[in-house]
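Heads up, target02.txt below (compact mmCIF, C-alpha atoms):
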```txt
# COMPACT_ATOMS: atom_id res chain seq x y z
CA MET A 1 48.17 25.98 174.96
CA THR A 2 48.54 29.63 173.99
CA THR A 3 48.85 31.62 177.17
CA LEU A 4 49.87 35.26 176.91
CA GLN A 5 50.81 37.19 180.00
CA GLU A 6 50.68 40.90 180.73
CA GLY A 7 52.00 41.72 184.17
CA GLU A 8 50.16 39.58 186.71
CA LEU A 9 47.43 38.58 184.25
CA ALA A 10 47.58 35.37 182.21
CA PHE A 11 45.15 34.95 179.30
CA ASP A 12 44.44 31.49 177.87
CA PHE A 13 43.86 31.92 174.14
CA SER A 14 44.21 28.24 173.24
CA ARG A 15 40.71 28.20 171.70
CA ALA A 16 41.53 31.06 169.30
CA GLN A 17 42.70 30.51 165.74
CA ARG A 18 45.75 32.60 166.52
CA ALA A 19 46.91 34.82 169.35
CA VAL A 20 50.05 36.93 169.32
CA ARG A 21 51.67 39.55 171.48
CA LEU A 22 51.74 42.62 169.28
CA ASP A 23 53.45 44.88 171.81
CA ASP A 24 56.53 42.68 171.99
CA ARG A 25 59.60 44.55 173.14
CA GLN A 26 61.78 41.72 171.85
CA LYS A 27 60.73 42.45 168.24
CA ARG A 28 61.58 45.51 166.22
CA THR A 29 58.62 47.70 165.28
CA PRO A 30 58.50 50.99 163.41
CA GLU A 31 59.50 53.92 165.56
CA GLY A 32 56.57 55.88 166.90
CA LEU A 33 53.99 53.10 166.68
CA SER A 34 52.17 52.33 169.91
CA LEU A 35 50.70 48.82 169.71
CA VAL A 36 48.09 46.94 171.75
CA ASP A 37 49.20 44.04 173.89
CA PHE A 38 47.50 41.19 172.00
CA VAL A 39 45.84 40.39 168.69
CA VAL A 40 43.50 37.40 168.76
CA GLU A 41 42.12 35.96 165.55
CA GLU A 42 38.75 34.25 165.54
CA PRO A 43 36.85 32.83 162.54
CA HIS A 44 34.89 36.05 161.90
CA ARG A 45 36.77 38.83 163.69
CA LEU A 46 40.02 40.10 165.12
CA LEU A 47 40.32 41.22 168.73
CA LEU A 48 42.74 44.00 169.61
CA ILE A 49 43.30 43.67 173.35
CA GLU A 50 44.92 46.35 175.47
CA VAL A 51 45.58 45.56 179.13
CA LYS A 52 46.08 48.12 181.90
CA ASP A 53 46.43 46.73 185.40
CA PRO A 54 46.75 49.32 188.16
CA SER A 55 45.53 46.63 190.56
CA CYS A 56 48.78 44.71 190.40
CA ALA A 57 50.53 44.13 193.70
CA PRO A 58 53.64 46.11 194.66
CA ARG A 59 56.91 44.33 193.87
CA ARG A 60 58.08 44.94 197.44
CA ASP A 61 55.88 44.57 200.49
CA ASP A 62 56.72 47.72 202.42
CA ASP A 63 54.99 51.01 203.19
CA SER A 64 56.76 53.03 200.50
CA ALA A 65 55.86 50.49 197.78
CA ARG A 66 52.23 50.36 198.92
CA HIS A 67 52.12 54.18 199.01
CA ALA A 68 53.57 54.41 195.48
CA ILE A 69 51.00 51.93 194.16
CA ALA A 70 48.18 53.85 195.87
CA LYS A 71 49.36 57.11 194.27
CA GLU A 72 49.61 55.43 190.86
CA ARG A 73 46.06 54.11 191.23
CA GLU A 74 44.84 57.65 192.03
CA ARG A 75 46.61 58.99 188.92
CA PHE A 76 45.12 56.21 186.83
CA LEU A 77 41.59 56.94 188.08
CA HIS A 78 42.09 60.57 187.09
CA LYS A 79 43.15 59.44 183.59
CA ILE A 80 39.99 57.30 183.33
CA ARG A 81 37.67 60.12 184.42
CA SER A 82 39.29 62.65 182.10
CA ASP A 83 39.92 61.91 178.44
CA THR A 84 43.67 61.50 178.99
CA LEU A 85 43.67 57.70 178.96
CA ILE A 86 41.51 57.64 175.83
CA SER A 87 43.31 60.35 173.85
CA ASP A 88 46.91 59.67 174.92
CA GLU A 89 46.98 55.89 175.18
CA LEU A 90 43.97 53.84 174.07
CA THR A 91 43.07 55.58 170.80
CA PRO A 92 46.64 55.79 169.49
CA LYS A 93 47.12 52.10 170.27
CA ALA A 94 43.97 51.18 168.34
CA ARG A 95 44.94 53.34 165.35
CA ASP A 96 48.59 52.24 165.27
CA SER A 97 47.71 48.57 165.71
CA TYR A 98 45.21 48.80 162.87
CA THR A 99 47.86 50.49 160.72
CA TRP A 100 50.27 47.64 161.52
CA LEU A 101 47.67 45.00 160.67
CA HIS A 102 46.69 46.83 157.47
CA LEU A 103 50.28 47.16 156.26
CA MET A 104 50.91 43.50 157.07
CA ARG A 105 47.70 42.51 155.19
CA GLN A 106 46.15 41.09 158.32
CA ASP A 107 43.12 43.41 158.55
CA THR A 108 40.80 41.08 156.65
CA LYS A 109 38.13 40.73 159.35
CA PRO A 110 36.06 43.13 161.45
CA ILE A 111 38.03 44.43 164.42
CA VAL A 112 36.81 44.60 168.01
CA TYR A 113 38.87 46.69 170.40
CA ALA A 114 38.83 45.26 173.92
CA PHE A 115 40.25 47.28 176.79
CA PHE A 116 40.90 45.08 179.82
CA LEU A 117 41.14 47.01 183.07
CA GLY A 118 42.53 45.19 186.09
CA ALA A 119 40.15 46.90 188.48
CA ASP A 120 39.84 44.66 191.51
CA GLN A 121 41.70 47.32 193.55
CA LEU A 122 40.00 50.34 191.94
CA PRO A 123 36.71 52.00 192.92
CA VAL A 124 35.08 51.80 189.48
CA ASP A 125 31.44 51.05 188.75
CA SER A 126 29.63 49.86 185.64
CA GLY A 127 28.47 53.39 184.83
CA LEU A 128 32.02 54.71 184.72
CA LEU A 129 33.11 51.80 182.53
CA MET A 130 30.14 52.29 180.18
CA ARG A 131 30.96 55.99 179.77
CA LEU A 132 34.60 55.08 179.16
CA ARG A 133 33.56 52.65 176.42
CA GLU A 134 31.26 55.21 174.78
CA ARG A 135 33.92 57.93 174.83
CA LEU A 136 36.55 55.51 173.51
CA GLN A 137 34.39 54.33 170.62
CA ALA A 138 33.48 57.93 169.70
CA ARG A 139 37.13 59.05 169.83
CA ILE A 140 38.35 56.14 167.70
CA ALA A 141 35.80 57.05 165.01
CA HIS A 142 36.39 60.80 165.15
CA GLU A 143 39.91 61.94 166.10
CA ALA A 144 40.26 64.97 163.85
CA ASP A 145 37.92 67.73 162.73
CA GLN A 146 35.86 65.16 160.84
CA PRO A 147 35.25 61.44 161.37
CA TRP A 148 37.38 58.86 159.61
CA ALA A 149 36.00 58.07 156.16
CA ARG A 150 36.95 54.45 156.71
CA PRO A 151 35.90 53.10 160.12
CA TYR A 152 38.42 50.53 161.26
CA VAL A 153 36.98 49.30 164.58
CA SER A 154 33.52 47.74 164.48
CA ALA A 155 33.02 47.74 168.27
CA CYS A 156 34.72 48.62 171.55
CA VAL A 157 34.37 46.86 174.88
CA VAL A 158 35.74 47.82 178.28
CA LEU A 159 36.09 44.86 180.59
CA THR A 160 37.35 43.95 184.04
CA GLU A 161 38.24 40.62 185.58
CA LYS A 162 34.59 40.26 186.57
CA THR A 163 33.08 41.09 183.16
CA TRP A 164 35.69 39.45 180.89
CA PRO A 165 34.19 35.92 181.21
CA GLN A 166 30.79 37.12 179.97
CA ALA A 167 32.28 38.76 176.89
CA PHE A 168 34.95 36.16 176.11
CA PRO A 169 34.08 32.89 177.87
CA ASP A 170 36.47 30.91 175.64
CA TYR A 171 39.47 32.85 176.93
CA PRO A 172 39.94 32.43 180.69
CA VAL A 173 42.08 34.96 182.52
CA ARG A 174 43.70 34.51 185.89
CA ARG A 175 45.78 36.68 188.15
CA LEU A 176 49.20 35.33 189.03
CA ARG A 177 49.99 36.39 192.61
```
Whole structure given in structure tokens:
Amino acid sequence: MTTLQEGELAFDFSRAQRAVRLDDRQKRTPEGLSLVDFVVEEPHRLLLIEVKDPSCAPRRDDDSARHAIAKERERFLHKIRSDTLISDELTPKARDSYTWLHLMRQDTKPIVYAFFLGADQLPVDSGLLMRLRERLQARIAHEADQPWARPYVSACVVLTEKTWPQAFPDYPVRRLR
């Protein structure tokens, strides 16, 4: 069984051809590259999966820890509503991960970029997530004064714990609490 964990979230990728943690702090990577959490290989595509989980529980169960988590969730919501999350985190991770795959000769299939948002403790709706996906896909294709001449991501999806099973039913995810 190939289970990869990011924070409190455990993803079962046992039905994939291959699944690896790309953002592995135990392995040396080129300085300056910002990589997605997981790469999952399927017969006809590669999935780049980035996980952000502001819904994780505080490590300590006291008022100051709960307050800190609440403040962090507010900051994260601001990053979602502005383009900060897209421009400073998600797009660079897509581009750098593609660069890594390309230089390692592993970019032989269409690439889908999946952003998994642990949102069970966030007030987000489907409209906000759809706009986030649209802005992310547009930014990945057009970062500079002109669009990339070589598109490297064929599609983007933004998913939560509720929507993940519809998009990727072969890869169950569960929260470890």
All residues 6 Å or closer to Asp12 of chain A, only C-alpha atoms, same chain fewer than 3 positions away omitted, as a compact mmCIF listing (two decimals) with C-alpha atoms, in the coordinates of the input:
```txt
# COMPACT_ATOMS: atom_id res chain seq x y z
CA THR A 2 48.54 29.63 173.99
CA THR A 3 48.85 31.62 177.17
CA TYR A 171 39.47 32.85 176.93
CA PRO A 172 39.94 32.43 180.69
```
Next on the checklist: Please determine, counting all atoms listed in the file, which residue among A:Tyr98, A:Phe115, A:Phe38, A:Phe168 has the shortest atom-to-atom distance to Glu6 of chain A.
Outcome noted: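 For Glu6 of chain A, the nearest of the given residues is A:Phe38.
Taking only C-alpha atoms, the non-local environment of Ser87 of chain A within 9 Å (same-chain residues fewer than 2 positions away omitted) comprises Asp83, Thr84, Leu85, Glu89, Leu90, Thr91, Pro92, Leu136, Arg139, Ile140 and Glu143 of chain A.
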Item to check | Option closest in space to Arg73 of chain A, from A:Ile49, A:Cys56, A:Leu4, A:Leu159 [counting all atoms listed in the file] | outcome: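 So, comparing all the options, the nearest one is A:Cys56.
Interatomic distance, atom CA of Leu176 of chain A against atom CA of Lys27 of chain A: 24.8 Å.
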Segment 31-52 of chain A residues near segment 146-156 of chain A within 12 Å, closest pair each, using only C-alpha atoms, as JSON lines:
```
{"residue": "A:Arg45", "atom": "CA", "partner": "A:Ser154", "partner_atom": "CA", "distance": 9.5}
{"residue": "A:Leu46", "atom": "CA", "partner": "A:Val153", "partner_atom": "CA", "distance": 9.7}
{"residue": "A:Leu47", "atom": "CA", "partner": "A:Val153", "partner_atom": "CA", "distance": 9.7}
{"residue": "A:Leu48", "atom": "CA", "partner": "A:Val153", "partner_atom": "CA", "distance": 9.3}
{"residue": "A:Ile49", "atom": "CA", "partner": "A:Cys156", "partner_atom": "CA", "distance": 10.1}
{"residue": "A:Glu50", "atom": "CA", "partner": "A:Cys156", "partner_atom": "CA", "distance": 11.2}
```
Checklist entry - Just how far from atom CA of Leu103 of chain A is atom CA of Asp88 of chain A, in Å to one decimal? => result 22.7 Å
Checklist entry - Leaving out Leu122 of chain A and any residue of its chain fewer than 6 positions from it, which residues lie within 10 Å of it when counting all atoms listed in the file, given as a PyMOL selection string? => result chain A and resi 53-55+70+73-74+76-77
Checklist entry - Which is closest to Leu22 of chain A among A:Lys93, A:Arg177, A:Lys71, A:Arg105, if we use all atoms listed in the file? => result A:Lys93
Checklist outcome for this item: Judged by only C-alpha atoms, the minimum distance to Arg81 of chain A among A:Asp23, A:Asp125, A:Glu161, A:Asp107 is found for A:Asp125
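Here atom CA of Gly7 of chain A stands at a distance of 26.3 Å from atom CA of Gly127 of chain A.
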Item to check | Among the residues A:Ala114, A:Leu132, A:Leu35, A:Ile69, the one that comes closest to Ile86 of chain A [using only C-alpha atoms] | outcome: A:Leu132
Next on the checklist: List as a ChimeraX atom specification the residues having at least one atom at most 6 Å from position (51.2, 50.1, 168.7) as given in the file, counting all atoms listed in the file.
Outcome noted: /A:33-36,93,96-97
Checklist entry - Arg133 of chain A: which residues within 8 Å, counting all atoms listed in the file, same-chain residues fewer than 4 positions away excluded, as a ChimeraX atom specification? => result /A:129,137,156-158
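Candidate residues A:Ala19, A:Gln5, A:Glu41, A:Thr160 were compared for distance to Ser126 of chain A, and the nearest is A:Thr160, using all atoms listed in the file.
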